[in-house]
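Here is final22.cif, consisting of mmCIF, C-alpha atoms:
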```cif
data_my_file
#
loop_
_atom_site.label_atom_id
_atom_site.label_comp_id
_atom_site.auth_asym_id
_atom_site.auth_seq_id
_atom_site.Cartn_x
_atom_site.Cartn_y
_atom_site.Cartn_z
CA MET A 1 -5.55 13.00 -5.03
CA ALA A 2 -8.74 13.46 -7.02
CA SER A 3 -9.64 13.61 -10.69
CA LEU A 4 -12.86 14.04 -12.65
CA THR A 5 -13.98 11.97 -15.61
CA ILE A 6 -16.97 12.92 -17.75
CA PRO A 7 -18.20 10.13 -20.05
CA GLY A 8 -18.21 11.26 -23.67
CA VAL A 9 -15.91 14.23 -23.05
CA HIS A 10 -12.41 13.91 -24.45
CA ASP A 11 -10.30 15.47 -21.75
CA LEU A 12 -7.52 17.52 -23.29
CA ASP A 13 -6.37 18.97 -19.99
CA GLU A 14 -2.70 19.18 -19.18
CA PRO A 15 -1.47 16.56 -16.68
CA GLY A 16 -2.85 17.49 -13.27
CA PHE A 17 -5.11 20.22 -14.69
CA ALA A 18 -8.20 18.00 -14.46
CA ALA A 19 -7.80 17.63 -10.70
CA PRO A 20 -10.03 19.84 -8.53
CA ALA A 21 -8.02 22.41 -6.60
CA CYS A 22 -10.04 21.48 -3.54
CA ARG A 23 -13.25 19.74 -2.58
CA THR A 24 -15.58 19.33 0.35
CA VAL A 25 -19.00 17.88 1.18
CA ASP A 26 -21.88 20.15 2.17
CA ALA A 27 -24.68 19.43 4.63
CA SER A 28 -26.88 17.91 1.92
CA GLY A 29 -24.20 15.36 0.95
CA ASP A 30 -23.26 17.03 -2.34
CA VAL A 31 -19.57 17.35 -3.21
CA LEU A 32 -18.41 20.92 -3.88
CA LEU A 33 -15.46 21.24 -6.24
CA LEU A 34 -13.26 24.17 -7.20
CA VAL A 35 -11.82 23.58 -10.68
CA PRO A 36 -9.80 25.65 -13.14
CA GLY A 37 -12.11 27.63 -15.41
CA ASP A 38 -10.68 26.10 -18.58
CA SER A 39 -10.74 22.50 -17.38
CA ALA A 40 -12.83 19.94 -19.23
CA ALA A 41 -15.20 19.70 -16.27
CA ALA A 42 -15.79 23.47 -16.21
CA ARG A 43 -16.35 23.63 -19.96
CA ALA A 44 -18.79 20.71 -19.95
CA ALA A 45 -20.77 22.08 -17.00
CA ALA A 46 -20.88 25.62 -18.38
CA HIS A 47 -22.07 24.61 -21.85
CA ALA A 48 -24.65 22.16 -20.47
CA GLN A 49 -26.50 25.11 -18.90
CA ASP A 50 -29.56 23.57 -17.18
CA ASP A 51 -28.75 19.95 -18.03
CA ASP A 52 -26.98 17.69 -15.58
CA VAL A 53 -23.62 16.29 -16.66
CA THR A 54 -22.83 12.72 -15.59
CA ALA A 55 -19.39 12.58 -13.97
CA VAL A 56 -17.19 10.28 -11.92
CA MET A 57 -14.71 11.55 -9.35
CA GLU A 58 -11.87 9.16 -8.57
CA LEU A 59 -9.94 9.60 -5.34
CA THR A 60 -6.60 7.93 -4.67
CA ASP A 61 -5.34 7.62 -1.10
CA VAL A 62 -1.54 7.52 -0.91
CA ALA A 63 0.29 6.75 2.33
CA PRO A 64 2.18 9.83 3.61
CA VAL A 65 5.21 7.68 4.48
CA SER A 66 7.47 5.67 2.19
CA VAL A 67 6.30 2.05 2.22
CA PRO A 68 5.97 -0.78 -0.30
CA HIS A 69 2.62 -0.62 -2.14
CA ARG A 70 2.03 2.98 -1.13
CA ILE A 71 -1.50 3.36 -2.53
CA ARG A 72 -3.82 2.60 0.37
CA GLY A 73 -7.07 2.72 -1.54
CA ARG A 74 -9.28 4.22 -4.21
CA ALA A 75 -12.82 5.51 -4.19
CA TRP A 76 -15.20 6.42 -6.99
CA VAL A 77 -18.07 8.87 -6.55
CA ALA A 78 -20.50 9.01 -9.48
CA GLY A 79 -23.31 11.48 -9.95
CA TRP A 80 -24.48 14.61 -11.71
CA LEU A 81 -22.34 17.70 -12.15
CA THR A 82 -23.73 21.25 -12.29
CA PRO A 83 -22.23 24.72 -11.81
CA VAL A 84 -22.86 26.37 -8.46
CA ARG A 85 -24.89 29.44 -9.39
CA GLY A 86 -26.69 32.39 -7.89
CA GLU A 87 -26.98 32.78 -4.13
CA ASP A 88 -25.41 29.37 -3.52
CA ARG A 89 -22.03 30.58 -4.79
CA ALA A 90 -21.11 32.71 -1.78
CA GLN A 91 -22.13 30.00 0.70
CA ALA A 92 -20.22 27.31 -1.21
CA ALA A 93 -17.14 29.55 -1.45
CA ARG A 94 -17.19 30.23 2.28
CA LEU A 95 -17.47 26.52 3.04
CA LEU A 96 -14.54 25.69 0.77
CA ALA A 97 -12.45 28.51 2.24
CA GLU A 98 -13.18 27.39 5.82
CA ARG A 99 -12.00 23.86 5.12
CA HIS A 100 -9.11 24.81 2.80
CA PRO A 101 -7.94 28.16 4.24
CA VAL A 102 -4.54 28.36 2.54
CA GLY A 103 -2.65 27.36 -0.56
CA GLU A 104 -4.99 26.31 -3.32
CA LEU A 105 -7.69 28.82 -2.27
CA LEU A 106 -5.60 31.97 -2.69
CA GLY A 107 -7.74 32.64 -5.77
CA ILE A 108 -11.11 32.06 -4.08
CA GLY A 109 -12.15 35.59 -4.98
CA GLU A 110 -12.54 34.41 -8.55
CA ALA A 111 -15.22 32.01 -7.40
CA LEU A 112 -17.29 34.87 -5.96
CA ARG A 113 -17.50 36.79 -9.21
CA PRO A 114 -20.74 36.75 -11.25
CA ASP A 115 -21.60 33.47 -12.93
CA PRO A 116 -19.52 32.92 -16.08
CA LEU A 117 -21.49 32.55 -19.27
CA PRO A 118 -20.89 29.58 -21.59
CA GLY A 119 -17.78 30.26 -23.60
CA THR A 120 -16.39 32.88 -21.23
CA VAL A 121 -14.58 30.69 -18.72
CA GLY A 122 -10.83 30.71 -19.13
CA ARG A 123 -7.54 29.83 -17.60
CA GLY A 124 -6.70 31.90 -14.57
CA ALA A 125 -10.31 31.84 -13.36
CA TRP A 126 -12.01 29.34 -11.08
CA MET A 127 -15.36 27.64 -11.33
CA MET A 128 -17.31 25.98 -8.53
CA LEU A 129 -19.15 22.78 -9.35
CA ARG A 130 -21.59 20.63 -7.43
CA LEU A 131 -21.54 16.82 -7.73
CA GLU A 132 -24.84 15.31 -6.62
CA VAL A 133 -23.90 11.83 -5.46
CA GLY A 134 -25.70 8.91 -7.10
CA GLU A 135 -23.44 6.09 -5.99
CA ALA A 136 -20.02 5.54 -4.45
CA THR A 137 -17.64 2.62 -4.14
CA VAL A 138 -14.51 2.13 -2.05
CA ASP A 139 -11.62 -0.31 -2.48
CA ASP A 140 -9.03 0.09 0.25
CA LEU A 141 -7.01 -1.68 2.95
CA TRP A 142 -10.21 -2.77 4.66
CA GLY A 143 -11.83 -4.29 1.54
CA ALA A 144 -14.19 -3.26 -1.25
CA ASP A 145 -17.74 -2.05 -0.71
CA SER A 146 -20.42 0.24 -2.08
CA VAL A 147 -21.79 3.27 -0.27
CA GLU A 148 -25.38 4.41 -0.60
CA PRO A 149 -26.02 8.16 -1.07
CA GLU A 150 -27.77 8.31 2.32
CA GLU A 151 -24.75 6.73 4.01
CA PHE A 152 -22.46 9.17 2.20
CA THR A 153 -24.55 12.13 3.44
CA GLN A 154 -24.62 10.92 7.03
CA ALA A 155 -20.91 10.05 7.26
CA ALA A 156 -18.88 12.22 9.63
CA PRO A 157 -15.18 13.03 9.13
CA ASP A 158 -12.78 10.96 11.18
CA PRO A 159 -11.39 13.24 13.93
CA VAL A 160 -7.87 11.97 13.20
CA ALA A 161 -7.99 12.49 9.42
CA GLY A 162 -6.76 16.08 9.38
CA HIS A 163 -3.68 15.17 11.43
CA GLU A 164 -2.97 11.66 10.12
CA ALA A 165 -0.18 12.54 7.67
CA GLU A 166 1.76 14.57 10.23
CA LEU A 167 1.28 11.96 12.96
CA LEU A 168 2.38 9.04 10.79
CA GLN A 169 5.47 10.90 9.63
CA HIS A 170 6.31 11.77 13.24
CA LEU A 171 5.85 8.17 14.37
CA HIS A 172 8.05 6.92 11.54
CA SER A 173 10.85 9.45 11.99
CA SER A 174 10.92 9.88 15.78
CA HIS A 175 9.38 6.74 17.27
CA GLY A 176 10.55 4.02 14.94
CA GLU A 177 11.78 1.77 17.74
CA GLN A 178 8.49 2.01 19.61
CA VAL A 179 6.64 1.09 16.43
CA ARG A 180 9.04 -1.84 15.98
CA ASP A 181 8.27 -2.97 19.53
CA LEU A 182 4.72 -3.73 18.32
CA CYS A 183 6.19 -6.95 16.92
CA GLY A 184 5.90 -8.28 20.46
CA LEU A 185 2.11 -8.12 20.27
CA LEU A 186 2.01 -10.37 17.20
CA GLY A 187 3.03 -13.90 16.36
CA ASP A 188 6.14 -15.53 14.97
CA ARG A 189 5.82 -13.97 11.53
CA ALA A 190 6.23 -10.43 12.88
CA GLU A 191 8.98 -11.56 15.25
CA ARG A 192 10.95 -12.93 12.29
CA VAL A 193 10.62 -9.60 10.46
CA CYS A 194 11.89 -7.69 13.48
CA ALA A 195 14.67 -10.16 14.22
CA ALA A 196 15.87 -9.85 10.62
CA ARG A 197 15.73 -6.05 10.88
CA GLY A 198 13.06 -5.81 8.22
CA THR A 199 11.07 -2.62 7.82
CA VAL A 200 8.22 -1.80 10.21
CA VAL A 201 6.35 1.35 9.13
CA PRO A 202 3.09 2.90 10.39
CA VAL A 203 0.89 3.14 7.31
CA ALA A 204 -2.56 4.28 8.50
CA LEU A 205 -4.09 5.88 11.57
CA ASP A 206 -7.72 6.61 12.35
CA ARG A 207 -10.09 6.80 15.32
CA PHE A 208 -10.23 3.01 15.49
CA GLY A 209 -6.53 2.18 15.58
CA LEU A 210 -3.11 2.01 13.94
CA ARG A 211 -2.13 -0.07 10.92
CA VAL A 212 1.54 -1.07 10.53
CA ARG A 213 3.21 -2.54 7.45
CA PHE A 214 5.88 -5.20 7.94
CA ALA A 215 8.35 -6.19 5.21
CA ASP A 216 11.10 -8.76 5.63
CA PRO A 217 14.45 -8.52 3.80
CA GLY A 218 12.99 -10.78 1.09
CA HIS A 219 10.33 -8.09 0.46
CA GLN A 220 7.40 -10.18 1.64
CA VAL A 221 4.88 -7.67 2.96
CA PHE A 222 1.95 -7.91 5.34
CA ASP A 223 -0.10 -5.49 7.46
CA ALA A 224 -1.17 -5.73 11.08
CA ARG A 225 -3.96 -3.72 12.64
CA PHE A 226 -3.74 -2.57 16.27
CA ASP A 227 -7.22 -1.56 17.42
CA PHE A 228 -7.79 0.90 20.25
CA PRO A 229 -10.02 -0.27 23.13
CA GLU A 230 -12.65 2.18 21.85
CA PRO A 231 -12.78 4.78 19.06
CA VAL A 232 -11.04 8.04 19.97
CA ARG A 233 -12.92 11.32 19.70
CA ASP A 234 -10.07 13.83 19.64
CA LEU A 235 -6.30 14.17 19.72
CA MET A 236 -6.12 13.95 23.52
CA GLU A 237 -7.86 10.58 23.49
CA LEU A 238 -5.64 9.51 20.59
CA ARG A 239 -2.52 10.38 22.59
CA ARG A 240 -3.72 8.26 25.52
CA ALA A 241 -4.61 5.36 23.22
CA MET A 242 -1.18 5.44 21.57
CA HIS A 243 0.59 5.52 24.95
CA HIS A 244 -1.50 2.55 26.07
CA LEU A 245 -0.59 0.64 22.89
CA PHE A 246 3.14 1.31 23.19
CA ASP A 247 3.15 0.49 26.92
CA ALA A 248 1.50 -2.86 26.15
CA ALA A 249 4.17 -3.60 23.53
CA ALA A 250 7.01 -2.63 25.87
#
```
Show me the file's structure as structure tokens.
Amino acid sequence: MASLTIPGVHDLDEPGFAAPACRTVDASGDVLLLVPGDSAAARAAAHAQDDDVTAVMELTDVAPVSVPHRIRGRAWVAGWLTPVRGEDRAQAARLLAERHPVGELLGIGEALRPDPLPGTVGRGAWMMLRLEVGEATVDDLWGADSVEPEEFTQAAPDPVAGHEAELLQHLHSSHGEQVRDLCGLLGDRAERVCAARGTVVPVALDRFGLRVRFADPGHQVFDARFDFPEPVRDLMELRRAMHHLFDAAA
């Protein structure tokens, strides 16, 4: 989930209307956003004309399975917001459509129309914005840290990210006992949770490993991280790594 905040702008958007319909990062490290034409972000960017608008995008990462403390992390990306104009519009629209081919981009044709003039954007239209990253911070299951713009630009997507939600849900619904067997790789605390039939739920999966959340009947919660021998590069390597992990637990 993502939302935009513009200091000094009183956001009168309806609940959920401030959220970008979709977003992606281009080769230069800028964040491309598709927003409703009558959102506060679109109005501020359109009326600013050639001036940059300071903005903060907040992203909330929610576990795709039902677990205690479901929010896995938050990130804040601050920078300067401008409309995507001229020849850049078609390229930005194609990039967004490639990475978000269905659902929210059914109206991508609106983004390819001529640049809206200040005061002409309206509900039912879309506006593409560019957020030039000045700084970023992350606070998640792994800790809190800042990210320099150069690091942000050079970062590559995790090869598991696009499949994580589906894989975690499948592990939870169809391989719950195998996930529970991971208790055997941990100490007494995990063994007590499993012996008491507490909950054992996979909560995060990436190229480095699997994170599992344990909760005993008294609702005391802790996480355990199961690292793969080496980072996986694709789904085939992930499948082998998961089999290796479950075999070790069994």
(message) Need the shell around range 229-244 of chain A: protein/DNA/RNA residues with any atom at most 9 Å away, counting only C-alpha atoms. Skip same-chain ones fewer than 5 positions apart. Format as a PyMOL selection string?
(response) chain A and resi 158-160+163+206-210+249
(request) Convert the output of the PyMOL selection byres ((chain A and resi 152) around 12) on the shown file into explicit residues, formatted as a PyMOL selection string. (result) chain A and resi 25-31+77-78+132-138+146-151+153-157
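Minimum atom-to-atom distance to Arg180 in chain A, evaluated using only C-alpha atoms, belongs to A:Val201 out of A:Ala161, A:Cys22, A:Val201, A:Ala42.
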(message) Given the PyMOL selection byres ((chain A and resi 84) around 6) and the file above, list the residues it selects as a PyMOL selection string.
(response) chain A and resi 83+85+89+128-130
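The smallest atom-to-atom distance between Gly73 in chain A and any of A:Ala46, A:Ala144, A:Ala92, A:Ile6, using all atoms listed in the file, is found for A:Ala144.
Take the candidates A:Leu185, A:His172, A:Ala125, A:Arg94 and check each one against Ser39 in chain A using all atoms listed in the file; the shortest distance goes to A:Ala125.
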(request) I would like the residues chosen by the PyMOL selection byres ((chain A and resi 67) around 12) on the shown file; could you give them as JSON, numbers by chain? (result) {"A": [62, 63, 64, 65, 66, 68, 69, 70, 71, 72, 168, 169, 172, 198, 199, 200, 201, 202, 203, 204, 212, 213, 214, 215, 219, 221, 222, 223]}
Would you output that residue set with C-alpha atoms, as a PDB file, in the frame of the given file?
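The result, stored in out-v3.pdb:
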```
ATOM      1  CA  VAL A  62      -1.540   7.520  -0.910  1.00  0.00           C
ATOM      2  CA  ALA A  63       0.290   6.750   2.330  1.00  0.00           C
ATOM      3  CA  PRO A  64       2.180   9.830   3.610  1.00  0.00           C
ATOM      4  CA  VAL A  65       5.210   7.680   4.480  1.00  0.00           C
ATOM      5  CA  SER A  66       7.470   5.670   2.190  1.00  0.00           C
ATOM      6  CA  PRO A  68       5.970  -0.780  -0.300  1.00  0.00           C
ATOM      7  CA  HIS A  69       2.620  -0.620  -2.140  1.00  0.00           C
ATOM      8  CA  ARG A  70       2.030   2.980  -1.130  1.00  0.00           C
ATOM      9  CA  ILE A  71      -1.500   3.360  -2.530  1.00  0.00           C
ATOM     10  CA  ARG A  72      -3.820   2.600   0.370  1.00  0.00           C
ATOM     11  CA  LEU A 168       2.380   9.040  10.790  1.00  0.00           C
ATOM     12  CA  GLN A 169       5.470  10.900   9.630  1.00  0.00           C
ATOM     13  CA  HIS A 172       8.050   6.920  11.540  1.00  0.00           C
ATOM     14  CA  GLY A 198      13.060  -5.810   8.220  1.00  0.00           C
ATOM     15  CA  THR A 199      11.070  -2.620   7.820  1.00  0.00           C
ATOM     16  CA  VAL A 200       8.220  -1.800  10.210  1.00  0.00           C
ATOM     17  CA  VAL A 201       6.350   1.350   9.130  1.00  0.00           C
ATOM     18  CA  PRO A 202       3.090   2.900  10.390  1.00  0.00           C
ATOM     19  CA  VAL A 203       0.890   3.140   7.310  1.00  0.00           C
ATOM     20  CA  ALA A 204      -2.560   4.280   8.500  1.00  0.00           C
ATOM     21  CA  VAL A 212       1.540  -1.070  10.530  1.00  0.00           C
ATOM     22  CA  ARG A 213       3.210  -2.540   7.450  1.00  0.00           C
ATOM     23  CA  PHE A 214       5.880  -5.200   7.940  1.00  0.00           C
ATOM     24  CA  ALA A 215       8.350  -6.190   5.210  1.00  0.00           C
ATOM     25  CA  HIS A 219      10.330  -8.090   0.460  1.00  0.00           C
ATOM     26  CA  VAL A 221       4.880  -7.670   2.960  1.00  0.00           C
ATOM     27  CA  PHE A 222       1.950  -7.910   5.340  1.00  0.00           C
ATOM     28  CA  ASP A 223      -0.100  -5.490   7.460  1.00  0.00           C
TER      29      ASP A 223
END
```
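Atom to atom, CA of Ala44 in chain A and CA of Asp139 in chain A stand 28.3 Å apart.
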(request) Take CA of Ala250 in chain A and CA of Asp181 in chain A and report the distance between them in Å, one decimal. (result) 6.5 Å
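Atom to atom, CA of Leu167 in chain A and CA of Arg192 in chain A stand 26.7 Å apart.
Those residues that approach Thr60 in chain A to within 7 Å, counting only C-alpha atoms, are Met1, Ala2, Gly73, Arg74 and Ala75 of chain A; same-chain residues fewer than 6 positions away are not listed.
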